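Source file: protein17.tsv; contents: TSV, C-alpha atoms.
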chain	number	residue	atom	x	y	z
A	471	MET	CA	178.62	130.91	142.26
A	472	LYS	CA	179.14	132.38	138.30
A	473	GLN	CA	180.83	135.98	137.64
A	474	VAL	CA	180.67	138.28	134.53
A	475	PHE	CA	182.35	141.70	134.18
A	476	LEU	CA	181.75	144.86	132.14
A	477	LEU	CA	184.59	147.05	130.82
A	478	THR	CA	184.36	150.76	130.05
A	479	ALA	CA	185.28	152.36	126.72
A	480	LEU	CA	187.71	155.23	126.19
A	481	LEU	CA	186.74	158.65	127.47
A	482	PRO	CA	186.31	161.46	124.89
A	483	ALA	CA	189.68	162.70	123.58
A	484	LEU	CA	191.36	165.88	124.80
A	485	ALA	CA	193.01	168.01	122.10
A	486	PHE	CA	196.60	169.32	122.49
A	487	ALA	CA	197.22	171.98	119.82
A	488	ASP	CA	197.57	170.25	116.45
A	489	SER	CA	200.45	167.95	117.35
A	490	VAL	CA	198.94	165.27	119.58
A	491	ASN	CA	195.62	163.92	120.71
A	492	VAL	CA	195.31	162.65	124.30
A	493	SER	CA	192.67	160.18	125.48
A	494	LEU	CA	192.15	158.18	128.64
A	495	THR	CA	191.04	154.70	129.59
A	496	ASN	CA	189.79	155.68	133.01
A	497	LYS	CA	188.44	152.31	134.16
A	498	ALA	CA	189.72	148.75	133.86
A	499	LEU	CA	189.00	145.34	135.34
A	500	LYS	CA	191.71	143.96	137.61
A	501	GLY	CA	193.53	141.15	135.86
A	502	LYS	CA	192.08	142.14	132.47
A	503	GLY	CA	193.77	145.48	131.86
A	504	THR	CA	194.91	148.74	133.44
A	505	PRO	CA	193.89	152.40	133.24
A	506	ALA	CA	196.01	154.15	130.64
A	507	VAL	CA	196.84	157.42	128.92
A	508	HIS	CA	196.93	157.29	125.10
A	509	ILE	CA	198.99	159.83	123.18
A	510	GLU	CA	198.22	159.87	119.45
A	511	ILE	CA	200.87	161.70	117.40
A	512	LEU	CA	199.21	163.80	114.69
A	513	GLU	CA	202.14	165.88	113.38
A	514	PRO	CA	205.94	165.53	113.63
A	515	ILE	CA	207.30	166.06	117.15
A	516	ALA	CA	210.75	165.70	118.71
A	517	GLY	CA	209.32	163.67	121.61
A	518	PHE	CA	207.21	163.98	124.74
A	519	ARG	CA	207.41	163.58	128.51
A	520	LEU	CA	204.45	162.58	130.65
A	521	VAL	CA	204.82	163.48	134.33
A	522	LEU	CA	202.13	162.28	136.73
A	523	ALA	CA	201.76	161.85	140.48
A	524	LYS	CA	199.06	159.63	141.93
A	525	ASP	CA	197.16	160.62	145.06
A	526	GLY	CA	199.66	163.43	145.78
A	527	GLY	CA	202.67	161.10	145.83
A	528	LYS	CA	206.03	161.22	144.11
A	529	PRO	CA	205.84	162.14	140.38
A	530	GLN	CA	206.49	159.43	137.80
A	531	GLU	CA	207.84	160.17	134.34
A	532	TRP	CA	207.45	158.49	130.94
A	533	LYS	CA	209.20	159.52	127.72
A	534	GLY	CA	208.32	158.69	124.15
A	535	GLY	CA	207.84	159.82	120.60
A	536	GLY	CA	207.13	158.58	117.10
A	537	ARG	CA	205.91	159.42	113.66
A	538	PRO	CA	202.49	160.88	112.85
A	539	GLY	CA	199.82	158.16	113.07
A	540	VAL	CA	201.51	156.36	115.98
A	541	THR	CA	199.67	156.07	119.32
A	542	ARG	CA	201.72	155.57	122.47
A	543	THR	CA	199.92	153.97	125.43
A	544	ILE	CA	201.18	154.57	128.96
A	545	GLU	CA	199.70	152.06	131.41
A	546	LEU	CA	199.05	153.47	134.87
A	547	SER	CA	199.87	151.14	137.74
A	548	GLN	CA	197.54	151.48	140.72
A	549	ALA	CA	195.87	149.58	143.51
A	550	GLU	CA	192.27	148.40	143.30
A	551	GLY	CA	189.85	151.31	143.68
A	552	THR	CA	189.92	154.96	142.60
A	553	THR	CA	193.17	156.93	142.11
A	554	LYS	CA	193.61	160.67	141.51
A	555	TRP	CA	196.33	161.71	139.07
A	556	ALA	CA	197.82	165.18	138.49
A	557	GLY	CA	200.69	166.39	136.33
A	558	GLU	CA	201.42	167.49	132.79
A	559	LEU	CA	202.26	166.39	129.26
A	560	ILE	CA	205.28	168.15	127.76
A	561	ILE	CA	205.67	168.12	123.99
A	562	ASN	CA	209.04	168.90	122.34
A	563	LEU	CA	208.44	170.37	118.90
A	564	PRO	CA	210.90	170.10	115.96
A	565	ASN	CA	211.68	173.85	116.10
A	566	GLY	CA	213.06	173.52	119.63
A	567	THR	CA	210.04	174.91	121.43
A	568	THR	CA	207.91	173.01	123.98
A	569	GLY	CA	204.30	172.96	124.90
A	570	ASN	CA	202.71	171.95	128.20
A	571	MET	CA	199.30	170.44	128.88
A	572	PRO	CA	198.18	170.30	132.55
A	573	LEU	CA	196.47	166.99	133.39
A	574	GLU	CA	194.19	166.09	136.27
A	575	PHE	CA	191.92	163.05	136.24
A	576	GLU	CA	190.73	159.97	138.16
A	577	THR	CA	191.08	156.32	137.22
A	578	GLU	CA	189.53	153.21	138.69
A	579	LEU	CA	190.80	149.64	138.84
A	580	VAL	CA	187.77	147.47	139.44
A	581	GLY	CA	188.16	144.20	141.29
A	582	PRO	CA	185.77	141.23	140.99
A	583	LEU	CA	182.45	141.57	142.75
A	584	THR	CA	182.09	139.16	145.67
A	585	LEU	CA	178.60	138.26	146.83
A	586	THR	CA	178.48	136.72	150.31
A	587	MET	CA	175.46	134.78	151.52
A	588	ASP	CA	175.21	132.36	154.46
A	589	LYS	CA	172.77	129.70	153.29
A	590	ASP	CA	171.90	128.78	156.88
A	591	LYS	CA	171.28	132.34	158.11
A	592	ASP	CA	170.57	134.47	155.04
A	593	VAL	CA	168.35	132.19	152.96
A	594	ASP	CA	164.77	132.21	154.26
A	595	ILE	CA	162.64	130.51	151.63
A	596	PRO	CA	159.53	130.11	153.87
A	597	GLY	CA	159.83	133.80	154.80
A	598	ARG	CA	160.34	134.70	151.11
A	599	LYS	CA	163.55	136.69	151.61
A	600	LEU	CA	167.29	136.60	150.90
A	601	ARG	CA	170.03	138.58	152.62
A	602	PHE	CA	173.53	139.15	151.24
A	603	THR	CA	176.52	141.49	151.25
A	604	LEU	CA	178.78	142.80	148.49
A	605	ASN	CA	182.39	143.96	148.59
A	606	GLN	CA	181.51	147.05	146.53
A	607	PRO	CA	178.73	149.68	146.65
A	608	ILE	CA	175.56	148.32	145.08
A	609	ALA	CA	173.53	149.80	142.24
A	610	ARG	CA	170.75	147.28	141.72
A	611	VAL	CA	169.81	143.61	141.66
A	612	HIS	CA	167.78	141.50	139.31
A	613	LEU	CA	165.58	138.93	141.04
A	614	LYS	CA	163.81	136.02	139.36
A	615	VAL	CA	161.70	133.51	141.31
A	616	LEU	CA	160.21	130.41	139.68
A	617	MET	CA	157.58	128.27	141.43
A	618	ASP	CA	157.00	124.55	140.98
A	619	THR	CA	153.61	125.40	139.46
A	620	GLY	CA	155.56	126.70	136.47
A	621	SER	CA	154.78	130.35	137.19
A	622	THR	CA	157.45	133.06	137.45
A	623	ILE	CA	156.28	135.38	140.22
A	624	VAL	CA	159.19	137.86	140.06
A	625	ASP	CA	161.46	138.80	137.15
A	626	ASP	CA	162.41	142.42	137.85
A	627	ASP	CA	165.18	144.86	138.70
A	628	ILE	CA	165.28	146.17	142.27
A	629	ALA	CA	166.99	149.54	142.76
A	630	PHE	CA	169.30	150.33	145.68
A	631	ASP	CA	170.80	153.63	146.83
A	632	GLY	CA	174.50	152.84	146.50
A	633	GLU	CA	174.76	151.25	149.94
A	634	PRO	CA	178.46	150.82	150.80
A	635	ALA	CA	180.41	147.58	150.73
A	636	GLY	CA	179.62	145.26	153.64
A	637	THR	CA	176.04	146.48	154.11
A	638	LYS	CA	173.56	143.68	154.81
A	639	LEU	CA	171.13	143.85	151.87
A	640	GLU	CA	167.77	142.14	151.52
A	641	VAL	CA	165.33	141.22	148.75
A	642	THR	CA	161.86	139.71	149.13
A	643	TRP	CA	159.16	138.28	146.89
A	644	PRO	CA	155.38	137.90	147.20
A	645	GLU	CA	153.53	134.84	148.40
A	646	ALA	CA	152.40	132.46	145.68
A	647	LYS	CA	150.90	129.03	145.21
A	648	GLY	CA	153.29	126.08	145.27
A	649	GLN	CA	156.91	125.71	146.36
A	650	VAL	CA	159.84	127.85	145.28
A	651	LEU	CA	161.69	125.90	142.60
A	652	LYS	CA	164.47	128.36	141.76
A	653	VAL	CA	165.70	131.78	142.89
A	654	ASP	CA	168.10	133.64	140.59
A	655	LEU	CA	169.72	136.72	142.15
A	656	ARG	CA	172.12	138.91	140.18
A	657	ALA	CA	173.69	141.92	141.93
A	658	TYR	CA	175.22	144.86	140.05
A	659	ALA	CA	177.82	147.12	141.66
A	660	LYS	CA	178.07	150.83	140.92
A	661	SER	CA	181.39	150.09	139.22
A	662	GLY	CA	179.58	148.08	136.54
A	663	VAL	CA	180.66	144.56	137.53
A	664	TYR	CA	178.13	142.00	138.62
A	665	ASN	CA	177.87	138.62	140.26
A	666	GLY	CA	175.02	136.26	140.96
A	667	VAL	CA	173.80	133.21	142.78
A	668	GLU	CA	171.21	130.61	141.81
A	669	LEU	CA	169.36	128.73	144.53
A	670	THR	CA	167.27	125.64	143.94
A	671	PRO	CA	165.83	124.83	147.39
A	672	TRP	CA	162.94	122.74	146.10
A	673	ARG	CA	162.48	119.20	147.40
A	674	ILE	CA	159.71	116.67	147.97
A	675	ASP	CA	159.88	114.01	150.69
A	676	ILE	CA	158.06	110.90	149.51
A	677	PRO	CA	155.93	109.36	152.29
A	678	HIS	CA	156.45	105.62	152.59
A	679	GLU	CA	156.28	102.56	154.77
A	680	GLU	CA	159.70	101.43	156.01
A	681	VAL	CA	161.16	98.32	154.42
A	682	ASN	CA	162.25	95.69	156.92
A	683	PHE	CA	165.58	93.98	156.29
A	684	ALA	CA	166.96	90.82	157.80
A	685	SER	CA	169.55	91.45	160.52
A	686	GLY	CA	172.82	92.56	158.92
A	687	LYS	CA	171.34	92.22	155.40
A	688	TRP	CA	170.33	94.70	152.71
A	689	ASP	CA	168.50	92.67	150.07
A	690	VAL	CA	164.87	93.68	149.50
A	691	SER	CA	162.82	90.56	150.12
A	692	PRO	CA	159.75	89.76	147.97
A	693	GLU	CA	157.57	90.17	151.07
A	694	GLU	CA	158.73	93.79	151.49
A	695	ALA	CA	158.56	94.80	147.82
A	696	ALA	CA	154.89	95.80	148.07
A	697	LYS	CA	155.91	98.72	150.31
A	698	LEU	CA	158.24	99.98	147.61
A	699	GLU	CA	155.54	99.59	144.94
A	700	SER	CA	153.42	102.18	146.78
A	701	SER	CA	156.35	104.57	146.98
A	702	LEU	CA	157.17	103.99	143.31
A	703	THR	CA	153.73	105.23	142.31
A	704	LEU	CA	154.29	108.50	144.18
A	705	ILE	CA	157.80	108.92	142.80
A	706	LEU	CA	156.70	108.43	139.18
A	707	ALA	CA	153.81	110.85	139.67
A	708	ALA	CA	156.21	113.50	141.01
A	709	ILE	CA	158.57	112.96	138.07
A	710	ASP	CA	155.71	113.34	135.64
A	711	LYS	CA	154.56	116.57	137.32
A	712	PHE	CA	157.87	118.33	137.94
A	713	GLY	CA	160.41	116.67	135.66
A	714	SER	CA	159.91	119.21	132.87
A	715	LEU	CA	160.61	122.18	135.16
A	716	ALA	CA	164.11	121.28	136.34
A	717	GLU	CA	166.74	118.54	136.40
A	718	ILE	CA	165.46	116.63	139.41
A	719	LYS	CA	167.05	113.62	141.13
A	720	LEU	CA	165.94	110.89	143.52
A	721	PHE	CA	167.97	110.66	146.73
A	722	ILE	CA	167.80	107.65	149.06
A	723	ALA	CA	169.20	108.18	152.57
A	724	GLY	CA	169.66	105.19	154.88
A	725	HIS	CA	169.66	105.33	158.71
A	726	THR	CA	170.08	102.85	161.59
A	727	ASP	CA	169.58	102.81	165.34
A	728	THR	CA	172.49	102.82	167.79
A	729	VAL	CA	172.84	99.06	168.20
A	730	GLY	CA	176.25	97.99	166.93
A	731	ALA	CA	179.43	99.81	165.95
A	732	ASN	CA	179.14	103.22	164.34
A	733	ALA	CA	181.24	102.32	161.30
A	734	SER	CA	179.38	99.09	160.57
A	735	ASN	CA	176.04	100.86	160.96
A	736	ARG	CA	177.02	103.44	158.40
A	737	THR	CA	178.09	100.72	155.95
A	738	LEU	CA	174.86	98.83	156.55
A	739	SER	CA	172.71	101.92	155.99
A	740	LEU	CA	174.65	102.75	152.82
A	741	ASN	CA	174.10	99.27	151.39
A	742	ARG	CA	170.40	99.33	152.24
A	743	ALA	CA	169.97	102.76	150.61
A	744	ARG	CA	171.73	101.48	147.50
A	745	SER	CA	169.51	98.40	147.44
A	746	ILE	CA	166.33	100.52	147.62
A	747	GLY	CA	167.61	102.89	144.93
A	748	ALA	CA	168.50	99.96	142.66
A	749	TRP	CA	164.99	98.56	143.12
A	750	PHE	CA	163.44	101.87	142.00
A	751	ARG	CA	165.83	102.05	139.03
A	752	LYS	CA	164.91	98.51	137.97
A	753	LYS	CA	161.22	99.41	138.16
A	754	GLY	CA	161.47	102.34	135.76
A	755	VAL	CA	162.78	105.43	137.58
A	756	ARG	CA	164.76	107.20	134.84
A	757	ILE	CA	165.89	110.35	136.65
A	758	PRO	CA	169.35	110.24	138.32
A	759	VAL	CA	169.38	108.24	141.57
A	760	ARG	CA	171.82	109.01	144.40
A	761	TYR	CA	172.26	107.22	147.73
A	762	GLU	CA	174.08	107.73	151.03
A	763	GLY	CA	174.22	105.99	154.40
A	764	PHE	CA	174.15	108.00	157.63
A	765	GLY	CA	174.17	105.08	160.05
A	766	GLU	CA	173.36	106.31	163.55
A	767	GLU	CA	174.56	109.89	162.90
A	768	ALA	CA	171.14	111.42	162.18
A	769	LEU	CA	168.73	109.83	164.62
A	770	LEU	CA	165.04	110.59	164.30
A	771	VAL	CA	164.60	109.74	167.99
A	772	SER	CA	167.48	110.58	170.31
A	773	THR	CA	168.58	107.52	172.30
A	774	ASN	CA	171.51	106.20	174.25
A	775	ASP	CA	174.06	103.96	172.55
A	776	GLU	CA	173.06	100.33	171.97
A	777	THR	CA	169.36	101.20	172.00
A	778	ALA	CA	167.07	99.30	169.63
A	779	GLU	CA	164.68	101.99	168.39
A	780	ALA	CA	162.55	101.02	165.40
A	781	LYS	CA	161.89	104.64	164.39
A	782	ASN	CA	165.61	105.14	163.81
A	783	ARG	CA	165.84	102.19	161.41
A	784	ARG	CA	164.53	104.14	158.48
A	785	ALA	CA	165.16	105.56	155.03
A	786	GLU	CA	164.32	108.82	153.31
A	787	TYR	CA	163.12	109.10	149.72
A	788	ILE	CA	163.74	112.65	148.53
A	789	ILE	CA	163.18	114.21	145.11
A	790	ALA	CA	165.23	117.38	144.79
A	791	ILE	CA	167.43	119.46	142.48
A	792	ASP	CA	170.40	120.03	144.78
A	793	ASP	CA	171.95	117.51	147.16
A	794	PRO	CA	169.82	117.40	150.34
A	795	THR	CA	171.43	118.59	153.55
A	796	THR	CA	171.25	116.75	156.87
A	797	LYS	CA	172.00	118.86	159.93
A	798	SER	CA	174.19	117.72	162.83
A	799	VAL	CA	175.99	115.07	160.78
A	800	PRO	CA	179.75	115.08	161.56
A	801	PHE	CA	180.74	114.38	157.95
A	802	GLN	CA	180.06	115.79	154.52
A	803	PRO	CA	177.51	113.53	152.78
A	804	ASN	CA	178.88	111.86	149.67
A	805	TRP	CA	175.85	111.16	147.53
A	806	GLN	CA	176.90	108.31	145.28
A	807	ARG	CA	175.62	107.78	141.77
A	808	LEU	CA	173.67	104.56	141.22

Since I need it in another form, could you write the structure as structure tokens?
Amino acid sequence: MKQVFLLTALLPALAFADSVNVSLTNKALKGKGTPAVHIEILEPIAGFRLVLAKDGGKPQEWKGGGRPGVTRTIELSQAEGTTKWAGELIINLPNGTTGNMPLEFETELVGPLTLTMDKDKDVDIPGRKLRFTLNQPIARVHLKVLMDTGSTIVDDDIAFDGEPAGTKLEVTWPEAKGQVLKVDLRAYAKSGVYNGVELTPWRIDIPHEEVNFASGKWDVSPEEAAKLESSLTLILAAIDKFGSLAEIKLFIAGHTDTVGANASNRTLSLNRARSIGAWFRKKGVRIPVRYEGFGEEALLVSTNDETAEAKNRRAEYIIAIDDPTTKSVPFQPNWQRL
């Protein structure tokens, strides 16, 4: 997920007689800066002392001075969040007198905005809704939804009421023709920082007739090539229709039944998926092609071990943007580039 942050400018200056000018950086991004007090010396002084206590704690003291035109910056160390400061600025003038300026202000150290979303539980594309939480109070979100028809059905800000950190938040979008190609969600915290997530759930499963392979083999025989020709027509048509809307890829997933050792079945299914993908590449598929073998780990029909089930000896031809997910597989798929 990508993050961008906004920083605040200096607050309006506070005047102290004619000798100094005091200003405040009251907000800073953690890791990029700190809140600070700026003391600009306008006329000759013998020096100054800044005494401040944060959140009612023990006072801290800084001393300094300089010629007219010099600005001294005192960085204020604090934890993430808002801190209250109280104290005074004491100016020593050349004639031996002193002047005091009472100070009371708040500063904020803003941490990165974290957006949390469980893709299994919080992403409901058929239901046209997303749920998420933030680690800071929310101000608004910007939601953009693009369909595979080429139409953008939402591209608007959605206001929130400053719901506190950890609140389960939800956005929805209207029903529209086609499939959702891309959802772009950008959430803005009240502090000014923002974070976003882009989802590309779109996929097409290409219907096809299963290619039969010789036992233990993965070469596509001339007799079986006609089945792939029919699938090729559908794949090329999908590329022509949707290829201009996003960077789509062709994924070939191979599967076996439970006859034989698990490890050898996975290797066999991987080789067969690669063989099918290579055939499509040779015949003119120019989008990226990826392949993976799942062996007997994602059965279409649940069977006992060593069961010859034709429906489990299969492949999947998927056109998608993101890597397809396969539930209940005990390993992370490694989609290999052809």

**Message:** As an exercise, work out the distance from CA of Gly569 (chain A) to CA of Thr552 (chain A) in Å and give it to one decimal place.
**Reply:**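 Separation between CA of Gly569 (chain A) and CA of Thr552 (chain A): 29.1 Å.
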
**Request:** Extract, using only C-alpha atoms, all DNA, RNA and protein residues at most 12 Å from Ser714 (chain A), discarding same-chain residues fewer than 4 positions from it, and format them as a PyMOL selection string.
**Result:** chain A and resi 618-620+651+708-710+718+757

Save out the residues we just selected, C-alpha atoms, as a tab-separated table (two decimals), keeping the file's coordinate frame.
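New file result_37.tsv:
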chain	number	residue	atom	x	y	z
A	618	ASP	CA	157.00	124.55	140.98
A	619	THR	CA	153.61	125.40	139.46
A	620	GLY	CA	155.56	126.70	136.47
A	651	LEU	CA	161.69	125.90	142.60
A	708	ALA	CA	156.21	113.50	141.01
A	709	ILE	CA	158.57	112.96	138.07
A	710	ASP	CA	155.71	113.34	135.64
A	718	ILE	CA	165.46	116.63	139.41
A	757	ILE	CA	165.89	110.35	136.65

**Asked** For Ala523 (chain A), which of A:Val615, A:Leu573, A:Val663, A:Val650 is the closest residue, counting only C-alpha atoms?
**Response** A:Leu573

**Asked** Smallest atom-to-atom distance to Ala707 (chain A): which of A:Ala659, A:Phe721, A:Asn570, A:Ile789, using all atoms listed in the file?
**Response**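 Going through A:Ala659, A:Phe721, A:Asn570, A:Ile789 one by one, the smallest distance to Ala707 (chain A) is for A:Ile789.
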
**Item:** Top pick for closest residue to Glu550 (chain A), considering A:Asp625, A:Glu578, A:Asp525, A:Glu513 and counting all atoms listed in the file
**Value:** A:Glu578

Kindly list the centre and edge lengths in Å, rounded to one decimal, for the axis-aligned box that covers all listed atoms of region 498-508 of chain A plus 5 Å on each of its six sides, as JSON.
{"center_x": 193.0, "center_y": 149.3, "center_z": 131.4, "size_x": 17.9, "size_y": 26.3, "size_z": 22.5}

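For the set A:Arg756, A:Arg598, A:His678, A:Arg736, the residue with the smallest atom-to-atom gap to Leu706 (chain A) is A:Arg756, counting only C-alpha atoms.
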
**Asked** Quick one: distance from CA of Thr603 (chain A) to CA of Lys638 (chain A) in Å, one decimal?
**Response**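 Answer for the CA of Thr603 (chain A) to CA of Lys638 (chain A) separation: 5.1 Å.
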
Can you write out as a Markdown table which residues of region 625-739 of chain A fall within 10 Å of region 761-769 of chain A, alongside each residue's closest atom pair and its distance in Å to one decimal, counting only C-alpha atoms and ordering rows by chain and ascending residue number?
| residue | atom | partner | partner_atom | distance |
| --- | --- | --- | --- | --- |
| A:Leu720 | CA | A:Tyr761 | CA | 8.4 |
| A:Phe721 | CA | A:Tyr761 | CA | 5.6 |
| A:Ile722 | CA | A:Tyr761 | CA | 4.7 |
| A:Ala723 | CA | A:Glu762 | CA | 5.1 |
| A:Gly724 | CA | A:Gly763 | CA | 4.7 |
| A:His725 | CA | A:Gly765 | CA | 4.7 |
| A:Thr726 | CA | A:Gly765 | CA | 4.9 |
| A:Asp727 | CA | A:Glu766 | CA | 5.5 |
| A:Thr728 | CA | A:Glu766 | CA | 5.6 |
| A:Val729 | CA | A:Glu766 | CA | 8.6 |
| A:Gly730 | CA | A:Glu766 | CA | 9.4 |
| A:Ala731 | CA | A:Glu766 | CA | 9.2 |
| A:Asn732 | CA | A:Glu766 | CA | 6.6 |
| A:Ala733 | CA | A:Gly765 | CA | 7.7 |
| A:Ser734 | CA | A:Gly765 | CA | 8.0 |
| A:Asn735 | CA | A:Gly765 | CA | 4.7 |
| A:Arg736 | CA | A:Gly765 | CA | 3.7 |
| A:Thr737 | CA | A:Gly763 | CA | 6.7 |
| A:Leu738 | CA | A:Gly765 | CA | 7.2 |
| A:Ser739 | CA | A:Gly763 | CA | 4.6 |

Got a sec to write region 685-707 of chain A of the block to a file, N, CA and C atoms, as a PDB file, in the first residue's frame?
ATOM      1  N   SER A 685       0.271 -40.224 -19.755  1.00  0.00           N
ATOM      2  CA  SER A 685       0.617 -40.446 -18.353  1.00  0.00           C
ATOM      3  C   SER A 685       2.049 -39.996 -18.064  1.00  0.00           C
ATOM      4  N   GLY A 686       2.192 -39.101 -17.073  1.00  0.00           N
ATOM      5  CA  GLY A 686       3.500 -38.626 -16.669  1.00  0.00           C
ATOM      6  C   GLY A 686       4.138 -37.641 -17.629  1.00  0.00           C
ATOM      7  N   LYS A 687       3.406 -37.211 -18.679  1.00  0.00           N
ATOM      8  CA  LYS A 687       3.956 -36.324 -19.694  1.00  0.00           C
ATOM      9  C   LYS A 687       3.275 -34.955 -19.636  1.00  0.00           C
ATOM     10  N   TRP A 688       3.897 -33.978 -20.317  1.00  0.00           N
ATOM     11  CA  TRP A 688       3.305 -32.637 -20.333  1.00  0.00           C
ATOM     12  C   TRP A 688       3.370 -31.967 -21.699  1.00  0.00           C
ATOM     13  N   ASP A 689       3.791 -32.696 -22.727  1.00  0.00           N
ATOM     14  CA  ASP A 689       3.772 -32.134 -24.072  1.00  0.00           C
ATOM     15  C   ASP A 689       2.343 -32.112 -24.615  1.00  0.00           C
ATOM     16  N   VAL A 690       1.988 -31.004 -25.283  1.00  0.00           N
ATOM     17  CA  VAL A 690       0.676 -30.911 -25.920  1.00  0.00           C
ATOM     18  C   VAL A 690       0.746 -31.642 -27.258  1.00  0.00           C
ATOM     19  N   SER A 691      -0.029 -32.693 -27.381  1.00  0.00           N
ATOM     20  CA  SER A 691      -0.006 -33.480 -28.614  1.00  0.00           C
ATOM     21  C   SER A 691      -0.800 -32.775 -29.707  1.00  0.00           C
ATOM     22  N   PRO A 692      -0.485 -33.030 -30.987  1.00  0.00           N
ATOM     23  CA  PRO A 692      -1.244 -32.420 -32.084  1.00  0.00           C
ATOM     24  C   PRO A 692      -2.741 -32.718 -32.003  1.00  0.00           C
ATOM     25  N   GLU A 693      -3.081 -33.900 -31.495  1.00  0.00           N
ATOM     26  CA  GLU A 693      -4.497 -34.270 -31.398  1.00  0.00           C
ATOM     27  C   GLU A 693      -5.253 -33.398 -30.396  1.00  0.00           C
ATOM     28  N   GLU A 694      -4.560 -32.869 -29.396  1.00  0.00           N
ATOM     29  CA  GLU A 694      -5.193 -32.058 -28.355  1.00  0.00           C
ATOM     30  C   GLU A 694      -5.132 -30.560 -28.636  1.00  0.00           C
ATOM     31  N   ALA A 695      -4.361 -30.171 -29.634  1.00  0.00           N
ATOM     32  CA  ALA A 695      -4.159 -28.745 -29.906  1.00  0.00           C
ATOM     33  C   ALA A 695      -5.448 -28.029 -30.297  1.00  0.00           C
ATOM     34  N   ALA A 696      -6.386 -28.742 -30.908  1.00  0.00           N
ATOM     35  CA  ALA A 696      -7.633 -28.102 -31.333  1.00  0.00           C
ATOM     36  C   ALA A 696      -8.399 -27.529 -30.136  1.00  0.00           C
ATOM     37  N   LYS A 697      -8.285 -28.181 -28.978  1.00  0.00           N
ATOM     38  CA  LYS A 697      -8.943 -27.674 -27.769  1.00  0.00           C
ATOM     39  C   LYS A 697      -8.358 -26.310 -27.370  1.00  0.00           C
ATOM     40  N   LEU A 698      -7.048 -26.187 -27.504  1.00  0.00           N
ATOM     41  CA  LEU A 698      -6.402 -24.936 -27.164  1.00  0.00           C
ATOM     42  C   LEU A 698      -6.706 -23.847 -28.189  1.00  0.00           C
ATOM     43  N   GLU A 699      -6.925 -24.221 -29.436  1.00  0.00           N
ATOM     44  CA  GLU A 699      -7.284 -23.233 -30.463  1.00  0.00           C
ATOM     45  C   GLU A 699      -8.576 -22.517 -30.086  1.00  0.00           C
ATOM     46  N   SER A 700      -9.556 -23.273 -29.577  1.00  0.00           N
ATOM     47  CA  SER A 700     -10.823 -22.660 -29.170  1.00  0.00           C
ATOM     48  C   SER A 700     -10.612 -21.691 -28.012  1.00  0.00           C
ATOM     49  N   SER A 701      -9.786 -22.076 -27.060  1.00  0.00           N
ATOM     50  CA  SER A 701      -9.499 -21.207 -25.923  1.00  0.00           C
ATOM     51  C   SER A 701      -8.716 -19.978 -26.362  1.00  0.00           C
ATOM     52  N   LEU A 702      -7.811 -20.152 -27.327  1.00  0.00           N
ATOM     53  CA  LEU A 702      -7.018 -19.032 -27.831  1.00  0.00           C
ATOM     54  C   LEU A 702      -7.907 -17.941 -28.403  1.00  0.00           C
ATOM     55  N   THR A 703      -8.949 -18.332 -29.111  1.00  0.00           N
ATOM     56  CA  THR A 703      -9.873 -17.348 -29.680  1.00  0.00           C
ATOM     57  C   THR A 703     -10.507 -16.495 -28.579  1.00  0.00           C
ATOM     58  N   LEU A 704     -10.914 -17.129 -27.496  1.00  0.00           N
ATOM     59  CA  LEU A 704     -11.530 -16.398 -26.388  1.00  0.00           C
ATOM     60  C   LEU A 704     -10.520 -15.503 -25.672  1.00  0.00           C
ATOM     61  N   ILE A 705      -9.310 -16.007 -25.516  1.00  0.00           N
ATOM     62  CA  ILE A 705      -8.265 -15.218 -24.843  1.00  0.00           C
ATOM     63  C   ILE A 705      -7.932 -13.965 -25.647  1.00  0.00           C
ATOM     64  N   LEU A 706      -7.739 -14.115 -26.953  1.00  0.00           N
ATOM     65  CA  LEU A 706      -7.404 -12.961 -27.792  1.00  0.00           C
ATOM     66  C   LEU A 706      -8.541 -11.949 -27.833  1.00  0.00           C
ATOM     67  N   ALA A 707      -9.775 -12.434 -27.808  1.00  0.00           N
ATOM     68  CA  ALA A 707     -10.921 -11.520 -27.795  1.00  0.00           C
ATOM     69  C   ALA A 707     -10.956 -10.718 -26.497  1.00  0.00           C
TER      70      ALA A 707
END
